[in-house]
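Novice: Pasting a structure below so you can have a look.
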Protein chains: 2
Amino acid sequence: MEDYHKPDQQTLQALKDTANRLRISSIKATTAAGSGHPTSCCSAAEIMSVLFFHTMRYKVQDPRNASNDRFVLSKRQAFTDVATGSLGQGLGAACGMAYTGKFFDRASYRVYCLLGDGELSEGSVWEAMAFAGFYKLDNLVAIFDVNRLGQSDPAPLQHHVEIYQKRCEAFGWHAIIVDGHSVEELCKAFGQAKHQPTAIIAKTFKGRGISGVEDKESWHGKPLPKNMAEQVIQEIDDKIQNKKKLSPALPEEDAPVVNIRNIKMPSPPTYKVGEKWATRKAYGVALAKLGHANDRVIALDGDTKNSTFSELFKKEHPSRYIECYIAEQNMVSIAVGCATRDRTVAFASTFATFFTRAFDQIRMAAISESNINLCGSHCGVSIGEDGPSQMGLEDLCMFRAVPSATVFYPSDAVATEKAVEIAANTKGICFIRTSRPENPVIYNNNEDFHIGQAKVVLKSKDDQVTVIGAGVTLHEALAAAEQLRKEKIFIRVIDPFTIKPLDKKTILENARATKGRIVTVEDHYHEGGIGEAVCAAVVGEPGITVNRLAVSHVPRSGKSAELLKMFGIDKDAIVQAVKVAVSKSRNAE
Amino acid sequence: MEDYHKPDQQTLQALKDTANRLRISSIKATTAAGSGHPTSCCSAAEIMSVLFFHTMRYKVQDPRNASNDRFVLSKRQAFTDVATGSLGQGLGAACGMAYTGKFFDRASYRVYCLLGDGELSEGSVWEAMAFAGFYKLDNLVAIFDVNRLGQSDPAPLQHHVEIYQKRCEAFGWHAIIVDGHSVEELCKAFGQAKHQPTAIIAKTFKGRGISGVEDKESWHGKPLPKNMAEQVIQEIDDKIQNKKKLSPALPEEDAPVVNIRNIKMPSPPTYKVGEKWATRKAYGVALAKLGHANDRVIALDGDTKNSTFSELFKKEHPSRYIECYIAEQNMVSIAVGCATRDRTVAFASTFATFFTRAFDQIRMAAISESNINLCGSHCGVSIGEDGPSQMGLEDLCMFRAVPSATVFYPSDAVATEKAVEIAANTKGICFIRTSRPENPVIYNNNEDFHIGQAKVVLKSKDDQVTVIGAGVTLHEALAAAEQLRKEKIFIRVIDPFTIKPLDKKTILENARATKGRIVTVEDHYHEGGIGEAVCAAVVGEPGITVNRLAVSHVPRSGKSAELLKMFGIDKDAIVQAVKVAVSKSRNAE
């Protein structure tokens, strides 16, 4: 209550006018477009009016100013900082912004997030609620627009705002129930400063102000017919008094200037060829190092930091590590929020397969043109004993289908360090796939890596087959090459480095030099991984054949080497595939 | 309290003995395997002992008996009915079992679900909590094993059991705090019958009973060294008195006999060739019809039933429709739970793209060998104005990467009805992709459909290119054929019906008959969809070329036809691609 000053009557009327103008705009726009959500807009009209013309502090002419208050519209619509429309994702992004404001920027801007009551059924909202409560994000205000009606039915709690209040309180929030159509109650509620995140639970009516539509089912997502729209607009217009013009308060401009461009490792990698390193550990080493290059590099993890090795970053930069606990959806949304307005370079890690939990958040991050880096460890059957629930076998497929994604699959510690550095400077969603087993370093520390540039790691003039592997399977391919050499069969071995984009040129050139024969081998299911990417790249090229080795069904638990053998992606399987390829073409000759 | 009788002292001691024997087993097994979670087992030893030897009613020799009480171990381990290991999914499956017991079986079995405190950070748990509270699942008991320690850190709420209690109560549960190592308190808590779901919040210690390990960090997921194990086992063994043998109570055997095999539509489809139908609507029609064939067919939706048309099923079979509200992860878990022990045939629907929200649940359903049917509507840019957040453009990719999945993509109303019928009788995960636009019926009602059998829908001896489309793009291909015919260019058009498995044979035969030329066209991203599936199927076959038309970047909002054109997957784009294919090969000749 401390800092609340009641607005004068003229201001209150002007806020009401603004709300009604918003109603008219939403009706006009949706009727003209023949699509949209006028009833949902009408329930939130007063909330938007008070937020934008009374409570929030921002520069109208400079909407991306770092010191502006932030606003996230989590209800079905798109706004500047993050795209929404897939429900329940806005609050997580808002939490990321608030965390950044409080702990990284240490600035006075606040973050407001408007949610619909329907989306409160999404678990991702409660992950964010728990996060905000745990970190006491006192610069965060969530407004629940409880308009009672969902798309096809009333929302489960209807207008029982007191239950929402209980839930919010149990998750560590200060929760205030208000009449969501009273600008005065809203002004007062927003004026309350607290030492917790604040939830404004606004009881509203869907379609408020539209005669015959208000609080009625089956009007969800429907524009008004033209005649009806004209009449309703007239009715609403009659209520507008137009006595005072409002303009928003200005921000404090205390957000620091930040530069996250061109982040370079402070020194080259320091590995030795032949030393054994798990790429998951090399990820942690690289990230900790990158943290010294720029103090806006941050790391997030979901209680797996001792497995993904993001704990190495935490040890060196504890204030820039965000523990997101076991809530992968929210972790991705937090990363998205932290990355808005270029305030941080976020690296979020968990087991590769647990990113499936956040596929919708990742998809929406791409639509938002968000720049985030995700590292998935424990890929494939090679993790061994922990069993199929922990094995990433569909992550390449998932990330390849994300439009803005770059998919790194480094095969040794040096390549991993380079991938981390490149990812930090690459727009869009960057995914880095790391492995659990330790394998030898194969690249020199000064080796140059680029997105879309494969490495030919083994080559002779007598090569008969091109084998493409990555991570553990690249090392299996190298072991296969050694065994085949004893039988005078030589193979070329290619490390793609990035699976998306894929280096079609290098693959084709080498395949042609090896009589068109390609064998791909991957610790991933057949669908959507390296093999299919290669097939799509080379199909139709004369004389090219592709034999794909990949995991073909749900695996089981076992020792890493046993499982690689059992699922036909180890050295012996490659040897066998190479021999078949060679003999097939001989027979054809 | 009503039906609680305090066990005698001998029984209590025997329950303690059993708990200690469980401790010894878990230590022995994990030390021998060199992998596993002995400390997590020790925190839950008394809980498991009381559940299995005092509270639960089941036949030891008949673990899948329909009348047995159910047990779901949501903490990292696998159990019979559903696989867990990806945290936060067990309670949703348990809710599905409890809903089935209460509303479909109307039987007296109860469902017990043991959760760890770490996984309570997953939003999916709170989706399930809300579901159980809303439907007042009084046959469901969740036990929270609050052992304070996560994998890499303490869980956020540590031992603040009163906060867990508040959260449970706010979500509509009866919540009881107990000492999780007191068999007496546990017996009492389990004996309390309530008219709500019950949460037993058990304060426990990780590694309880293991000297030097109890309540200590950094012992997560680590077996004890051999020497240490031997000593600890001796210490625990000394506490065992062995005075009474326990055996579980028997179930009431009141679950009805159910037969869900060989479910046939009561009558053939009744469409007319040329009539315009959206496949999403044909899905609703088919499902409602199938509901008359077997009263164990159920439908679930996430507040989109008026868009997916599952509302048609609800209208005819209201008691067999489960409204899951906007919580897609939980919806899939509920379906998995309902389908356990072959109690129901579950069809769950939402927008295709919102299944990305549940990818982890779908992945785990495959590992569980669950038989569920998922229908995703609103695929692709052809949905029109609602914008990219609502467009399913990665669903084929996602479902193809699910090992047990069958992926149906019906192109007209007849094919949709057949897909629904086949899915009901097919093991594993069945996905049916439906479209929003209305397109003509092209098949006769007596047309026969089979998994993995494509249809050649247009064919002449002069065909020069084989075009493969599905859904809206099949109709674009047919329109293209008509236009090309005027220029005396003839094409063959193939409808794959299922994308996984793909009918390689039919595709190859027809491609060969059209000079090897294939054009694929899909309302989906390039990665992991029809085009890549076709490439992987035909790569290496001499003389085959594939030109893939697909959506190449994040779309925007617009009219359906405009977007098909803008993203190069409409009639004109196909005409163009066909002409290029023809002229290319001419030049090559």
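Letters A, B, ... go to the chains of the structure tokens in the order shown; residues in each chain start at 1; ligands are counted from 1 in the same order.
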Counting only C-alpha atoms, which residues of chain B come no farther than 6 Å from chain A, as an MDAnalysis selection string?

Specialist: chainID B and resid 85:86 121:124 126:127 152 166:167 170 303 306 326:327 356:357 359:360 389 394 401 403 527:528 532 535:536 539:540 544:545 553

Novice: Name all residues at most 7 Å from B:His159 (count only C-alpha atoms; drop same-chain ones fewer than 2 positions away) and give them as a VMD selection string.

Specialist: chain B and resid 146 148 157 161 203

Novice: Give the strand (DSSP E) residues of stretch 313-349 of chain A, as assigned by DSSP on the backbone, as a PyMOL selection string.

Specialist: chain A and resi 321-323+345-349

Novice: Keeping only all heavy atoms, write the selected residues as a PDB file, in the first residue's frame.

Specialist:
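Dumped to part-v3.pdb:
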```
ATOM      1  N   TYR A 321      24.494 -18.296 -12.532  1.00  0.00           N
ATOM      2  CA  TYR A 321      23.896 -19.613 -12.733  1.00  0.00           C
ATOM      3  C   TYR A 321      22.479 -19.584 -12.172  1.00  0.00           C
ATOM      4  O   TYR A 321      22.262 -19.136 -11.041  1.00  0.00           O
ATOM      5  CB  TYR A 321      24.725 -20.684 -12.025  1.00  0.00           C
ATOM      6  CG  TYR A 321      24.044 -22.032 -12.042  1.00  0.00           C
ATOM      7  CD1 TYR A 321      24.173 -22.884 -13.135  1.00  0.00           C
ATOM      8  CD2 TYR A 321      23.228 -22.431 -10.985  1.00  0.00           C
ATOM      9  CE1 TYR A 321      23.519 -24.102 -13.172  1.00  0.00           C
ATOM     10  CE2 TYR A 321      22.573 -23.654 -11.008  1.00  0.00           C
ATOM     11  CZ  TYR A 321      22.720 -24.482 -12.100  1.00  0.00           C
ATOM     12  OH  TYR A 321      22.066 -25.670 -12.141  1.00  0.00           O
ATOM     13  N   ILE A 322      21.508 -20.039 -12.946  1.00  0.00           N
ATOM     14  CA  ILE A 322      20.122 -20.097 -12.463  1.00  0.00           C
ATOM     15  C   ILE A 322      19.709 -21.552 -12.314  1.00  0.00           C
ATOM     16  O   ILE A 322      19.608 -22.284 -13.305  1.00  0.00           O
ATOM     17  CB  ILE A 322      19.144 -19.397 -13.434  1.00  0.00           C
ATOM     18  CG1 ILE A 322      19.621 -17.977 -13.772  1.00  0.00           C
ATOM     19  CG2 ILE A 322      17.741 -19.348 -12.821  1.00  0.00           C
ATOM     20  CD1 ILE A 322      18.708 -17.235 -14.754  1.00  0.00           C
ATOM     21  N   GLU A 323      19.456 -21.973 -11.097  1.00  0.00           N
ATOM     22  CA  GLU A 323      18.956 -23.334 -10.866  1.00  0.00           C
ATOM     23  C   GLU A 323      17.448 -23.316 -11.122  1.00  0.00           C
ATOM     24  O   GLU A 323      16.698 -22.617 -10.447  1.00  0.00           O
ATOM     25  CB  GLU A 323      19.242 -23.771  -9.426  1.00  0.00           C
ATOM     26  CG  GLU A 323      18.744 -25.169  -9.101  1.00  0.00           C
ATOM     27  CD  GLU A 323      19.245 -26.231 -10.094  1.00  0.00           C
ATOM     28  OE1 GLU A 323      20.445 -26.594 -10.037  1.00  0.00           O
ATOM     29  OE2 GLU A 323      18.436 -26.662 -10.933  1.00  0.00           O
ATOM     30  N   VAL A 345      23.322 -13.799 -22.772  1.00  0.00           N
ATOM     31  CA  VAL A 345      23.516 -14.945 -23.661  1.00  0.00           C
ATOM     32  C   VAL A 345      23.291 -16.174 -22.786  1.00  0.00           C
ATOM     33  O   VAL A 345      24.095 -16.486 -21.909  1.00  0.00           O
ATOM     34  CB  VAL A 345      24.941 -14.962 -24.236  1.00  0.00           C
ATOM     35  CG1 VAL A 345      25.135 -16.186 -25.118  1.00  0.00           C
ATOM     36  CG2 VAL A 345      25.207 -13.686 -25.005  1.00  0.00           C
ATOM     37  N   ALA A 346      22.167 -16.826 -23.003  1.00  0.00           N
ATOM     38  CA  ALA A 346      21.742 -17.895 -22.089  1.00  0.00           C
ATOM     39  C   ALA A 346      22.072 -19.266 -22.642  1.00  0.00           C
ATOM     40  O   ALA A 346      21.797 -19.554 -23.811  1.00  0.00           O
ATOM     41  CB  ALA A 346      20.245 -17.769 -21.825  1.00  0.00           C
ATOM     42  N   PHE A 347      22.660 -20.107 -21.806  1.00  0.00           N
ATOM     43  CA  PHE A 347      22.914 -21.517 -22.124  1.00  0.00           C
ATOM     44  C   PHE A 347      22.152 -22.367 -21.105  1.00  0.00           C
ATOM     45  O   PHE A 347      22.444 -22.309 -19.913  1.00  0.00           O
ATOM     46  CB  PHE A 347      24.408 -21.833 -22.020  1.00  0.00           C
ATOM     47  CG  PHE A 347      25.225 -21.382 -23.196  1.00  0.00           C
ATOM     48  CD1 PHE A 347      25.648 -20.056 -23.301  1.00  0.00           C
ATOM     49  CD2 PHE A 347      25.589 -22.284 -24.196  1.00  0.00           C
ATOM     50  CE1 PHE A 347      26.413 -19.640 -24.391  1.00  0.00           C
ATOM     51  CE2 PHE A 347      26.351 -21.873 -25.276  1.00  0.00           C
ATOM     52  CZ  PHE A 347      26.755 -20.541 -25.383  1.00  0.00           C
ATOM     53  N   ALA A 348      21.167 -23.120 -21.576  1.00  0.00           N
ATOM     54  CA  ALA A 348      20.375 -23.968 -20.678  1.00  0.00           C
ATOM     55  C   ALA A 348      20.674 -25.430 -20.979  1.00  0.00           C
ATOM     56  O   ALA A 348      20.689 -25.835 -22.139  1.00  0.00           O
ATOM     57  CB  ALA A 348      18.888 -23.686 -20.860  1.00  0.00           C
ATOM     58  N   SER A 349      20.888 -26.211 -19.955  1.00  0.00           N
ATOM     59  CA  SER A 349      21.253 -27.612 -20.178  1.00  0.00           C
ATOM     60  C   SER A 349      20.411 -28.573 -19.350  1.00  0.00           C
ATOM     61  O   SER A 349      19.979 -28.263 -18.248  1.00  0.00           O
ATOM     62  CB  SER A 349      22.738 -27.834 -19.836  1.00  0.00           C
ATOM     63  OG  SER A 349      23.054 -27.268 -18.585  1.00  0.00           O
TER      64      SER A 349
END
```

Novice: Which value, in Å to one decimal, gives the distance between atom CA of A:Ala423 and atom CA of A:Ala255?

Specialist: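 Taking atom CA of A:Ala423 as the start and atom CA of A:Ala255 as the end point, the length is 25.4 Å.
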
Novice: Could you pull the residues within 8 Å of stretch 237-251 of chain A, counting only C-alpha atoms, minus those fewer than 3 positions along the same chain, as a PyMOL selection string?

Specialist: chain A and resi 10-11+13-17+20-21+24+52-60+67-69+109+233-234

Novice: Going by DSSP on the backbone, which bits of stretch 150-356 of chain A are alpha helix (DSSP H)? Write them as a PyMOL selection string, please.

Specialist: chain A and resi 161-170+183-190+226-237+279-293+305-308+311-316+328-339

Novice: Measure the distance from atom CA of B:Thr39 to atom CA of B:Lys206 in Å and round it to one decimal.

Specialist: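 For atom CA of B:Thr39 relative to atom CA of B:Lys206, the distance reads 5.2 Å.
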
Novice: Counting only C-alpha atoms, figure out which residue out of B:Pro410, B:Gly452, B:Gly471, B:Pro318 gets nearest to B:Pro437.

Specialist: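 For B:Pro437, the nearest of the candidates is B:Gly471.
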
Novice: Which polymer residues have any atom within 10 Å of an atom of B:Leu91, counting only C-alpha atoms, with same-chain residues fewer than 4 positions away left out, as a PyMOL selection string?

Specialist: chain B and resi 72-74+87+95-97+111-115+124-129+132+140-143+330+333-334+337
